[in-house]
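What follows is the content of run.cif (mmCIF, C-alpha atoms and all ligand atoms).
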data_upload
#
loop_
_atom_site.label_atom_id
_atom_site.label_comp_id
_atom_site.auth_asym_id
_atom_site.auth_seq_id
_atom_site.Cartn_x
_atom_site.Cartn_y
_atom_site.Cartn_z
CA MET I 161 0.00 0.00 0.00
CA LEU I 162 1.37 3.37 -0.99
CA LYS I 163 2.00 5.63 1.94
CA LEU I 164 2.21 9.34 1.20
CA THR I 165 4.74 11.26 3.21
CA THR I 166 5.60 14.93 3.32
CA THR I 167 8.85 14.11 1.55
CA SER I 168 7.10 12.28 -1.26
CA MET I 169 4.71 15.19 -1.63
CA LEU I 170 7.41 17.80 -1.81
CA THR I 171 9.62 15.96 -4.25
CA SER I 172 6.80 15.13 -6.64
CA SER I 173 6.78 17.43 -9.62
CA THR I 174 4.06 16.20 -11.93
CA ARG I 175 2.69 12.84 -11.10
CA ILE I 176 -0.49 11.08 -10.18
CA LEU I 177 -0.60 8.79 -7.16
CA ARG I 178 -3.44 6.36 -6.59
CA GLN I 179 -4.38 4.99 -3.20
CA PRO I 180 -5.71 1.45 -3.51
CA LEU I 181 -7.91 1.87 -0.43
CA ALA I 182 -9.81 4.74 -1.95
CA ARG I 183 -11.57 3.70 -5.12
CA ALA I 184 -12.52 7.21 -6.11
CA THR I 185 -9.44 8.92 -4.82
CA THR I 186 -6.99 10.46 -7.18
CA ILE I 187 -4.35 12.63 -5.70
CA ALA I 188 -2.93 14.95 -8.27
CA LEU I 189 0.35 16.45 -7.27
CA SER I 190 1.98 18.93 -9.49
CA ARG I 191 4.18 21.98 -9.55
CA TYR I 192 5.19 22.34 -5.94
CA ASN I 193 5.79 25.96 -5.13
CA ALA I 194 7.80 26.92 -2.11
CA ALA I 195 5.54 28.32 0.60
CA THR I 196 4.85 31.98 0.01
CA ALA I 197 3.05 32.73 3.21
CA THR I 198 1.90 36.31 3.26
CA ARG I 199 0.65 36.07 6.81
CA LEU I 200 1.90 33.90 9.64
CA PHE I 201 -0.41 32.97 12.44
CA SER I 202 0.54 31.85 15.89
CA ILE I 203 -0.69 28.32 16.15
CA SER I 204 -1.55 27.64 19.75
CA SER I 205 -3.95 24.76 19.23
CA SER I 206 -2.65 21.50 20.63
CA ALA I 207 -3.85 19.97 17.36
CA ASN I 208 -0.88 21.55 15.61
CA VAL I 209 1.90 20.47 17.86
CA ALA I 210 2.66 17.42 15.74
CA ASN I 211 2.74 19.30 12.46
CA THR I 212 6.25 20.48 11.81
CA ASN I 213 7.02 21.18 8.17
CA THR I 214 10.74 21.30 8.83
CA PRO I 215 12.54 21.09 12.17
CA THR I 216 13.31 24.82 12.24
CA ALA I 217 10.67 26.55 10.08
CA PRO I 218 7.60 28.13 11.64
CA ARG I 219 4.80 25.59 11.75
CA HIS I 220 1.92 25.93 9.35
CA PRO I 221 -1.29 24.03 9.93
CA ARG I 222 -2.17 21.54 7.24
CA VAL I 223 -5.74 22.21 6.13
CA LEU I 224 -8.26 20.01 4.33
CA VAL I 225 -10.98 21.95 2.48
CA THR I 226 -14.00 19.89 1.41
CA GLY I 227 -16.29 21.28 -1.29
CA SER I 228 -13.24 23.15 -2.57
CA LEU I 229 -14.50 23.50 -6.14
CA GLY I 230 -17.60 25.44 -5.09
CA GLN I 231 -18.32 29.16 -5.07
CA LEU I 232 -16.63 29.72 -1.72
CA GLY I 233 -14.15 26.85 -1.50
CA SER I 234 -12.11 27.74 -4.55
CA GLY I 235 -11.41 31.27 -3.27
CA LEU I 236 -10.66 30.06 0.25
CA VAL I 237 -8.18 27.44 -0.99
CA LYS I 238 -6.35 30.11 -2.99
CA GLU I 239 -6.07 32.40 0.03
CA LEU I 240 -5.03 29.64 2.45
CA ARG I 241 -2.35 28.46 0.02
CA GLN I 242 -0.91 31.94 -0.12
CA MET I 243 -0.74 31.94 3.66
CA TYR I 244 0.48 28.42 4.36
CA GLY I 245 2.01 27.17 1.12
CA ASN I 246 0.35 25.07 -1.56
CA GLU I 247 1.40 21.75 -0.06
CA ASN I 248 -0.28 22.57 3.28
CA VAL I 249 -3.76 23.03 1.84
CA VAL I 250 -5.38 19.86 0.54
CA ALA I 251 -8.36 20.65 -1.66
CA SER I 252 -11.12 18.09 -1.95
CA ASP I 253 -14.43 17.66 -3.72
CA ILE I 254 -16.60 14.98 -5.26
CA ARG I 255 -16.07 16.50 -8.72
CA LYS I 256 -13.06 16.55 -11.01
CA PRO I 257 -11.02 19.76 -10.80
CA SER I 258 -9.98 21.82 -13.81
CA ASP I 259 -6.37 21.37 -14.95
CA GLU I 260 -5.61 24.85 -13.63
CA PHE I 261 -7.02 24.07 -10.18
CA ALA I 262 -5.25 20.71 -9.98
CA ALA I 263 -1.95 22.30 -10.98
CA ASN I 264 -1.99 24.63 -7.99
CA GLY I 265 -1.69 22.09 -5.21
CA PRO I 266 -2.86 18.78 -3.81
CA PHE I 267 -6.38 17.72 -4.75
CA VAL I 268 -8.18 14.66 -3.40
CA CYS I 269 -11.42 13.44 -4.88
CA ALA I 270 -13.62 12.28 -2.00
CA ASP I 271 -17.29 11.88 -1.18
CA VAL I 272 -17.88 13.32 2.31
CA LEU I 273 -20.24 10.44 2.95
CA ASN I 274 -17.27 8.05 2.84
CA TYR I 275 -15.98 8.17 6.41
CA SER I 276 -13.12 5.71 5.99
CA LEU I 277 -11.82 7.58 2.97
CA LEU I 278 -11.87 10.91 4.86
CA ASP I 279 -10.19 9.22 7.83
CA ARG I 280 -7.46 7.95 5.54
CA ILE I 281 -6.96 11.38 3.98
CA VAL I 282 -6.65 13.06 7.39
CA ALA I 283 -4.07 10.49 8.51
CA ASP I 284 -2.05 10.33 5.29
CA TRP I 285 -1.87 14.10 4.88
CA ARG I 286 -1.49 14.73 8.61
CA ILE I 287 -4.34 17.21 8.55
CA ASP I 288 -4.69 19.70 11.45
CA TRP I 289 -7.75 21.68 10.40
CA ILE I 290 -10.79 20.90 8.28
CA VAL I 291 -12.87 23.54 6.54
CA HIS I 292 -15.99 21.64 5.59
CA TYR I 293 -17.68 23.36 2.64
CA SER I 294 -19.36 20.37 0.97
CA ALA I 295 -23.12 20.87 1.11
CA LEU I 296 -26.24 21.21 -0.98
CA LEU I 297 -27.53 24.81 -0.97
CA SER I 298 -31.10 25.84 -0.23
CA ALA I 299 -32.76 25.62 -3.65
CA VAL I 300 -31.00 22.43 -4.71
CA ALA I 301 -31.71 20.91 -1.30
CA GLU I 302 -35.41 21.71 -1.50
CA LYS I 303 -35.53 19.89 -4.85
CA ASN I 304 -33.76 16.83 -3.44
CA PRO I 305 -34.35 16.64 0.33
CA ALA I 306 -33.10 13.06 0.69
CA LEU I 307 -29.74 13.86 -0.85
CA ALA I 308 -29.51 17.09 1.15
CA LEU I 309 -30.17 15.23 4.40
CA SER I 310 -27.49 12.77 3.51
CA VAL I 311 -24.75 15.15 2.30
CA ASN I 312 -25.42 17.99 4.75
CA MET I 313 -25.98 15.87 7.86
CA THR I 314 -23.91 12.71 7.42
CA GLY I 315 -21.08 14.79 5.92
CA VAL I 316 -20.99 16.98 9.03
CA GLN I 317 -21.24 14.00 11.37
CA ASN I 318 -18.27 12.43 9.60
CA VAL I 319 -16.00 15.46 9.85
CA LEU I 320 -16.95 16.13 13.47
CA GLU I 321 -16.12 12.56 14.37
CA LEU I 322 -12.77 12.92 12.61
CA ALA I 323 -12.16 16.16 14.51
CA LYS I 324 -12.82 14.33 17.76
CA ILE I 325 -10.59 11.36 16.99
CA HIS I 326 -7.69 13.25 15.40
CA ARG I 327 -7.97 16.40 17.59
CA LEU I 328 -8.59 18.70 14.63
CA ARG I 329 -9.82 22.25 14.52
CA ILE I 330 -12.93 22.37 12.37
CA PHE I 331 -14.82 25.13 10.60
CA VAL I 332 -18.26 24.41 9.15
CA PRO I 333 -20.30 27.34 7.83
CA SER I 334 -23.90 27.90 8.75
CA THR I 335 -26.24 30.33 7.07
CA ILE I 336 -29.13 32.75 7.42
CA GLY I 337 -31.09 29.68 6.26
CA ALA I 338 -30.74 28.21 9.76
CA PHE I 339 -33.33 30.77 10.92
CA GLY I 340 -37.01 30.38 10.17
CA PRO I 341 -40.27 32.30 9.76
CA SER I 342 -40.78 32.73 13.53
CA THR I 343 -37.28 34.24 13.97
CA PRO I 344 -37.27 38.05 14.47
CA LYS I 345 -36.80 39.32 10.91
CA TYR I 346 -34.72 42.45 11.40
CA ASN I 347 -31.35 42.68 13.09
CA THR I 348 -31.57 38.98 13.92
CA PRO I 349 -29.14 38.23 16.77
CA ASP I 350 -26.95 35.16 17.27
CA LEU I 351 -29.21 33.67 19.91
CA THR I 352 -32.87 33.69 19.00
CA ILE I 353 -35.78 31.50 17.90
CA MET I 354 -34.54 28.96 15.34
CA ARG I 355 -37.22 26.90 13.69
CA PRO I 356 -36.21 26.66 10.02
CA ASN I 357 -38.81 25.24 7.65
CA THR I 358 -36.49 24.30 4.75
CA ILE I 359 -34.51 21.10 4.53
CA TYR I 360 -31.35 23.20 4.07
CA GLY I 361 -32.08 25.16 7.25
CA ILE I 362 -32.83 22.01 9.21
CA THR I 363 -29.51 20.46 8.18
CA LYS I 364 -27.64 23.67 9.05
CA LEU I 365 -29.26 23.92 12.47
CA HIS I 366 -28.23 20.28 12.96
CA THR I 367 -24.67 21.34 12.06
CA GLU I 368 -24.67 24.13 14.64
CA LEU I 369 -26.14 22.02 17.43
CA LEU I 370 -23.99 18.98 16.74
CA GLY I 371 -20.86 21.14 16.53
CA GLU I 372 -21.68 22.71 19.89
CA TYR I 373 -22.33 19.27 21.34
CA TYR I 374 -18.91 18.02 20.16
CA ARG I 375 -17.29 21.14 21.59
CA GLU I 376 -18.97 20.78 24.97
CA LYS I 377 -18.77 17.01 25.28
CA PHE I 378 -15.45 16.20 23.60
CA GLY I 379 -13.57 19.53 23.53
CA VAL I 380 -13.61 19.70 19.74
CA ASP I 381 -12.51 23.12 18.47
CA PHE I 382 -15.64 23.67 16.38
CA ARG I 383 -16.07 27.08 14.73
CA SER I 384 -18.86 28.36 12.54
CA ALA I 385 -20.11 31.56 10.93
CA ARG I 386 -23.64 32.08 9.69
CA TYR I 387 -23.04 33.54 6.25
CA PRO I 388 -25.57 35.65 4.40
CA GLY I 389 -25.87 35.34 0.59
CA VAL I 390 -22.41 35.61 -0.99
CA LEU I 391 -21.70 37.49 -4.24
CA SER I 392 -18.77 36.51 -6.45
CA ALA I 393 -17.88 36.97 -10.09
CA ASP I 394 -15.45 34.14 -10.82
CA VAL I 395 -17.12 30.93 -9.65
CA PRO I 396 -20.89 30.63 -10.11
CA PRO I 397 -23.08 29.97 -7.07
CA GLY I 398 -24.17 26.40 -6.43
CA GLY I 399 -27.98 26.64 -6.38
CA GLY I 400 -29.12 28.87 -3.55
CA THR I 401 -31.95 31.31 -2.98
CA THR I 402 -29.62 34.32 -3.02
CA ASP I 403 -28.19 33.37 -6.44
CA TYR I 404 -30.29 36.08 -8.11
CA ALA I 405 -27.81 38.63 -6.72
CA VAL I 406 -25.07 37.06 -8.85
CA ASP I 407 -27.14 36.12 -11.93
CA ILE I 408 -28.37 39.71 -12.24
CA PHE I 409 -24.86 40.98 -13.10
CA HIS I 410 -24.29 38.44 -15.87
CA HIS I 411 -27.67 39.24 -17.41
CA ALA I 412 -27.25 43.01 -17.01
CA ILE I 413 -23.96 42.97 -18.90
CA ARG I 414 -24.79 40.35 -21.52
CA HIS I 415 -28.46 41.12 -22.16
CA GLY I 416 -29.34 44.41 -20.45
CA HIS I 417 -32.31 42.71 -18.78
CA TYR I 418 -32.97 40.30 -15.92
CA THR I 419 -36.11 38.51 -14.75
CA CYS I 420 -35.74 38.09 -11.01
CA PHE I 421 -37.20 35.01 -9.31
CA LEU I 422 -37.65 36.93 -6.04
CA SER I 423 -40.06 39.82 -5.58
CA LYS I 424 -38.67 43.34 -5.77
CA ASP I 425 -38.98 44.01 -2.04
CA THR I 426 -37.43 40.77 -0.73
CA ARG I 427 -34.72 42.06 1.57
CA LEU I 428 -31.87 39.67 2.41
CA PRO I 429 -28.45 40.03 4.07
CA MET I 430 -25.49 39.71 1.67
CA MET I 431 -21.71 40.03 1.44
CA TYR I 432 -18.94 40.02 -1.14
CA LEU I 433 -16.79 36.88 -1.47
CA ASP I 434 -13.56 38.57 -0.36
CA ASP I 435 -15.20 39.65 2.88
CA CYS I 436 -16.57 36.16 3.40
CA ILE I 437 -13.13 34.60 2.94
CA ARG I 438 -11.41 37.16 5.15
CA GLY I 439 -13.99 36.74 7.92
CA THR I 440 -13.73 32.98 7.68
CA ILE I 441 -9.95 33.04 7.91
CA ASP I 442 -10.04 35.43 10.85
CA LEU I 443 -12.41 33.11 12.68
CA LEU I 444 -10.56 29.96 11.63
CA THR I 445 -7.15 31.26 12.67
CA TYR I 446 -8.18 32.96 15.87
CA PRO I 447 -5.56 31.63 18.29
CA THR I 448 -7.94 30.46 21.00
CA MET I 449 -11.45 29.08 21.15
CA LEU I 450 -13.91 31.98 21.17
CA PRO I 451 -16.79 32.38 23.64
CA GLN I 452 -19.33 31.30 21.00
CA SER I 453 -18.92 28.55 18.44
CA VAL I 454 -21.37 30.12 15.96
CA TYR I 455 -21.38 33.80 14.90
CA ASN I 456 -23.56 35.82 12.54
CA ILE I 457 -21.49 37.77 10.01
CA THR I 458 -22.91 40.10 7.39
CA ALA I 459 -22.09 43.16 5.30
CA VAL I 460 -25.23 44.73 3.77
CA SER I 461 -28.92 44.05 3.27
CA PHE I 462 -30.73 44.93 0.08
CA THR I 463 -33.74 44.09 -2.06
CA PRO I 464 -33.62 43.11 -5.75
CA GLU I 465 -35.02 46.56 -6.60
CA GLU I 466 -32.26 48.33 -4.66
CA LEU I 467 -29.61 46.17 -6.33
CA ALA I 468 -31.06 46.91 -9.77
CA ASN I 469 -31.04 50.65 -8.98
CA GLU I 470 -27.38 50.49 -8.02
CA ILE I 471 -26.55 48.61 -11.23
CA ARG I 472 -28.45 51.24 -13.22
CA LYS I 473 -25.99 53.89 -11.98
CA HIS I 474 -23.43 52.13 -14.22
CA LEU I 475 -25.74 50.64 -16.86
CA PRO I 476 -28.59 53.18 -17.21
CA HIS I 477 -30.50 51.05 -19.74
CA PHE I 478 -30.64 47.96 -17.56
CA THR I 479 -34.19 46.74 -17.00
CA MET I 480 -35.57 44.25 -14.51
CA SER I 481 -38.81 42.30 -14.36
CA TYR I 482 -40.10 39.89 -11.73
CA SER I 483 -41.75 36.48 -11.61
CA ASP I 484 -45.55 36.62 -11.73
CA PRO I 485 -46.63 37.19 -8.08
CA ALA I 486 -49.64 34.98 -8.74
CA ARG I 487 -47.26 32.10 -9.49
CA PRO I 488 -44.19 32.77 -7.31
CA ASP I 489 -40.99 30.83 -7.82
CA PHE I 490 -40.46 28.20 -5.08
CA ARG I 491 -37.44 30.17 -3.83
CA GLN I 492 -39.70 33.07 -2.78
CA ALA I 493 -41.06 31.06 0.17
CA ILE I 494 -37.51 30.15 1.20
CA ALA I 495 -36.40 33.79 1.11
CA ASP I 496 -39.53 34.88 3.01
CA SER I 497 -38.60 32.55 5.86
CA TRP I 498 -35.15 34.12 6.29
CA PRO I 499 -34.01 37.27 8.15
CA ALA I 500 -33.90 40.57 6.28
CA SER I 501 -30.86 41.74 8.24
CA LEU I 502 -28.47 40.29 10.81
CA ASP I 503 -27.00 41.59 14.03
CA ASP I 504 -23.35 40.52 13.88
CA SER I 505 -22.12 42.66 16.78
CA MET I 506 -20.74 39.64 18.66
CA ALA I 507 -18.47 38.73 15.73
CA ARG I 508 -17.30 42.35 15.56
CA LYS I 509 -16.58 42.34 19.29
CA ASP I 510 -15.07 38.86 19.69
CA PHE I 511 -12.83 38.50 16.63
CA GLY I 512 -12.86 41.92 14.99
CA TRP I 513 -15.15 41.07 12.05
CA LYS I 514 -15.73 44.05 9.77
CA GLU I 515 -16.78 44.06 6.13
CA GLU I 516 -14.86 46.02 3.51
CA TYR I 517 -17.50 45.95 0.77
CA GLY I 518 -20.78 47.85 0.93
CA LEU I 519 -23.37 47.84 -1.86
CA GLU I 520 -21.71 50.51 -4.05
CA ARG I 521 -18.24 49.01 -3.99
CA MET I 522 -19.55 45.47 -4.45
CA VAL I 523 -21.67 46.40 -7.47
CA LYS I 524 -18.82 48.29 -9.17
CA LEU I 525 -16.43 45.38 -8.67
CA MET I 526 -18.92 42.73 -9.84
CA LEU I 527 -19.64 44.73 -13.00
CA ASP I 528 -15.95 45.33 -13.73
CA LYS I 529 -15.04 41.67 -13.25
CA ILE I 530 -17.89 40.29 -15.33
CA GLN I 531 -17.33 42.86 -18.06
CA ALA I 532 -13.67 41.75 -18.18
CA GLN I 533 -14.81 38.12 -18.53
CA VAL I 534 -17.15 39.05 -21.39
CA ASP I 535 -14.40 41.05 -23.12
CA ALA I 536 -12.00 38.11 -22.78
CA GLU I 537 -14.61 35.72 -24.21
CA LYS I 538 -15.12 38.01 -27.19
CA LYS I 539 -11.37 38.25 -27.79
CA SER I 540 -10.88 34.49 -27.66
CA ALA I 541 -13.90 33.68 -29.87
CA PRO I 542 -13.30 33.58 -33.64
CA ILE I 543 -14.66 36.71 -35.40
CA ASP I 544 -17.48 34.90 -37.18
CA SER I 545 -18.37 32.41 -34.46
CA PRO I 546 -22.13 32.08 -33.82
CA SER I 547 -21.63 32.60 -30.07
CA THR I 548 -19.91 35.95 -30.69
CA THR I 549 -22.68 37.01 -33.02
CA ALA I 550 -25.32 35.96 -30.50
CA ALA I 551 -23.59 37.77 -27.66
CA VAL I 552 -23.24 40.98 -29.65
CA ALA I 553 -26.84 40.78 -30.89
CA ALA I 554 -28.04 40.30 -27.35
N1 LIG P 1 -22.62 30.70 -1.21
C1 LIG P 1 -23.40 31.24 -0.28
O1 LIG P 1 -24.05 32.26 -0.52
C2 LIG P 1 -23.47 30.62 1.09
C3 LIG P 1 -24.16 31.31 2.08
C4 LIG P 1 -24.28 30.72 3.34
C5 LIG P 1 -23.64 29.52 3.62
N2 LIG P 1 -22.96 28.88 2.62
C6 LIG P 1 -22.34 27.60 2.95
O2 LIG P 1 -20.98 27.62 2.54
C7 LIG P 1 -20.60 26.30 2.11
C8 LIG P 1 -20.02 26.39 0.72
O3 LIG P 1 -21.02 26.91 -0.12
P1 LIG P 1 -20.79 27.17 -1.67
O4 LIG P 1 -21.61 28.34 -2.02
O5 LIG P 1 -19.36 27.17 -2.00
O6 LIG P 1 -21.51 25.88 -2.27
P2 LIG P 1 -21.31 25.22 -3.73
O7 LIG P 1 -22.57 24.51 -4.04
O8 LIG P 1 -20.80 26.22 -4.67
O9 LIG P 1 -20.16 24.17 -3.44
C9 LIG P 1 -20.39 22.99 -2.68
C10 LIG P 1 -19.41 21.94 -3.13
O10 LIG P 1 -19.70 20.73 -2.43
C11 LIG P 1 -19.44 19.66 -3.30
N3 LIG P 1 -20.17 18.46 -2.89
C12 LIG P 1 -21.49 18.18 -3.03
N4 LIG P 1 -21.75 16.95 -2.58
C13 LIG P 1 -20.59 16.43 -2.12
C14 LIG P 1 -20.21 15.19 -1.54
N5 LIG P 1 -21.11 14.21 -1.33
N6 LIG P 1 -18.93 15.01 -1.21
C15 LIG P 1 -18.00 15.97 -1.42
N7 LIG P 1 -18.30 17.17 -1.97
C16 LIG P 1 -19.58 17.39 -2.32
C17 LIG P 1 -19.93 20.16 -4.66
O11 LIG P 1 -19.33 19.43 -5.72
C18 LIG P 1 -19.52 21.62 -4.63
O12 LIG P 1 -18.28 21.84 -5.26
C19 LIG P 1 -21.87 25.44 2.22
O13 LIG P 1 -21.85 24.77 3.44
C20 LIG P 1 -22.99 26.45 2.22
O14 LIG P 1 -24.11 25.98 2.91
C21 LIG P 1 -22.86 29.41 1.36
C1 LIG P 2 -27.87 31.96 2.00
C2 LIG P 2 -27.08 30.78 1.59
O1 LIG P 2 -27.11 29.77 2.52
C3 LIG P 2 -27.12 30.34 0.17
N1 LIG P 2 -26.63 31.39 -0.69
C4 LIG P 2 -28.47 29.90 -0.30
O2 LIG P 2 -29.19 30.73 -0.81
O3 LIG P 2 -28.81 28.76 -0.16
#
Structure re-expressed in structure tokens:
Amino acid sequence: MLKLTTTSMLTSSTRILRQPLARATTIALSRYNAATATRLFSISSSANVANTNTPTAPRHPRVLVTGSLGQLGSGLVKELRQMYGNENVVASDIRKPSDEFAANGPFVCADVLNYSLLDRIVADWRIDWIVHYSALLSAVAEKNPALALSVNMTGVQNVLELAKIHRLRIFVPSTIGAFGPSTPKYNTPDLTIMRPNTIYGITKLHTELLGEYYREKFGVDFRSARYPGVLSADVPPGGGTTDYAVDIFHHAIRHGHYTCFLSKDTRLPMMYLDDCIRGTIDLLTYPTMLPQSVYNITAVSFTPEELANEIRKHLPHFTMSYSDPARPDFRQAIADSWPASLDDSMARKDFGWKEEYGLERMVKLMLDKIQAQVDAEKKSAPIDSPSTTAAVAA
């Protein structure tokens, strides 16, 4: 049986190693770059004592990120690799990575439902921290509750059990979806009524409660942030209720029009991806366990109409229509059950959370990035290609 060691990882240049134990596991190792940590963190967790990259170098934690090909995971992996070195951040997902993603550092294909495979990965790679991003988002979950129950609940149970056995620090995100229709809607605090009525929300509340149980009962260093909807330009969102706030930019630039699946006055908390990643890293790397294991974090709250108005400051001809209120999209009921704004004062107090992107800055950046993508697509498409013609006509 092939045993991976740090030495074998560092001396590999471009090669594929297969672990016989793990049927679906392919570990692609390529182009090892020397660690270019931009930030060093003091690692006080006992979980890191055993992780010494070299006898004299400062210790970096070795982090496993599940769901690393998703909207949030891909950005987080990039940031963590800049901090700790490519070889110290093992990306994982159930899907196949792009060549570009696989070339940047270790990638392990793994289903989070496969406990023994995850156990093997943690041991072989001498993992210290897990960031568990694998999940089904609200809209996809509502369409397939059985799969959502399985991935979102069993996946979390597996990683928490691993954290207990291997003494790992673990970060699992929660969401505004963990609240429900009886939760106070405005300025929703960390501790309040939580009776979600979506399968996504139920699985996320399960995550929070189980994480707290493992922390109390077994001393597991469980950390979580309740994210609002996250906006990003590079990786598309994975099927949530807040996805309209990303789709709108692509449609505004490509077509000048968007039909929103939420009503114009549906107010939801949101944040830009960079803020989400920074807040997550600040919480993940905080040197000691914080008073709470779960914190609200947020940046702004807006309605589809307010977002469209802000976009119109840059694209005056942009128009927006809405789903027929007589036949609302199924995501409307999900959004209606969630808070309109969050109180994240405890995160600000306990670990210094503060957003850098408000609505204006976020909109400008989203438009610039997506416009650059469209320009690049046009440049790379042959002059007479039908897709170019269609895009220009649109
Ligand atoms: N994006 C948001 O707006 C947002 C907001 C609040 C909370 N969150 C939470 O953040 C986390 C990451 O969200 P995201 O937006 O990146 O989601 P995403 O859907 O973009 O990515 C999830 C990833 O999980 C992977 N996955 C699915 N099933 C799997 C399985 N069985 N085994 C291994 N991997 C599997 C998918 O392939 C995908 O790459 C999730 O827990 C989500 O609930 C996201
Ligand atoms: C809010 C969050 O959990 C996700 N963007 C969703 O809509 O499902």
Contacts with ligand LIG 1 (chain P) at most 6 Å, only C-alpha atoms and all ligand atoms counted, listed as a list of chain:residue names: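 After applying the 6 Å limit, what remains is I:Gly227, I:Ser228, I:Leu229, I:Gly230, I:Gln231, I:Leu232, I:Gly233, I:Asp253, I:Ile254, I:Arg255, I:Ala270, I:Asp271, I:Val272, I:Leu273, I:Tyr293, I:Ser294, I:Ala295, I:Leu296, I:Leu297, I:Val311, I:Pro333, I:Ser334, I:Thr335, I:Tyr387, I:Pro388, I:Gly389, I:Val390, I:Pro397, I:Gly398.
Closest to ligand LIG 2 (chain P) among I:Gln452, I:Ser497, I:Ser483, I:Ser234 is I:Ser497, based on all atoms listed in the file.
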Kindly give the distance, in Å, that separates CA of Lys256 in chain I and CA of Leu307 in chain I, rounded to a single decimal.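 If I compute the distance from CA of Lys256 in chain I to CA of Leu307 in chain I, I get 19.7 Å.
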Proximity to ligand LIG 2 (chain P) - best of I:Val291, I:Ala495, I:Ala283, I:Val395, all atoms listed in the file: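 Going through I:Val291, I:Ala495, I:Ala283, I:Val395 one by one, the smallest distance to ligand LIG 2 (chain P) is for I:Ala495.
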Quick one: residues within 9 Å of Ile530 in chain I, all atoms listed in the file counted, chain neighbours fewer than 4 positions away excluded, as a ChimeraX atom specification? /I:393-394,409-410,413,525-526,534-535
Show which residues sit within 6 Å of range 428-445 of chain I, as an MDAnalysis selection string. Count only C-alpha atoms, and ignore same-chain residues fewer than 6 positions away. chainID I and resid 236 388:392 459:462 500:501 515
Kindly export the residues of the current selection with C-alpha atoms, as a CSV table (one decimal), keeping the file's coordinate frame.
chain,number,residue,atom,x,y,z
I,236,LEU,CA,-10.7,30.1,0.2
I,388,PRO,CA,-25.6,35.6,4.4
I,389,GLY,CA,-25.9,35.3,0.6
I,390,VAL,CA,-22.4,35.6,-1.0
I,391,LEU,CA,-21.7,37.5,-4.2
I,392,SER,CA,-18.8,36.5,-6.4
I,459,ALA,CA,-22.1,43.2,5.3
I,460,VAL,CA,-25.2,44.7,3.8
I,461,SER,CA,-28.9,44.0,3.3
I,462,PHE,CA,-30.7,44.9,0.1
I,500,ALA,CA,-33.9,40.6,6.3
I,501,SER,CA,-30.9,41.7,8.2
I,515,GLU,CA,-16.8,44.1,6.1
Six-sided padding of 3 Å per side, axis-aligned box over ligand LIG 2 (chain P), centre and edges in Å, one decimal, as AutoDock Vina command-line options:
--center_x -27.9 --center_y 30.4 --center_z 0.9 --size_x 8.6 --size_y 9.2 --size_z 9.3
Quick one: residues within 10 Å of range 314-317 of chain I, all atoms listed in the file counted, chain neighbours fewer than 6 positions away excluded, as a ChimeraX atom specification? /I:226,271-275,292-295,308,323,332,363-364,366-368,370-371,374
In Å to one decimal, how far is CA of Asn469 in chain I from atom C2 of ligand LIG 2 (chain P)? 22.9 Å
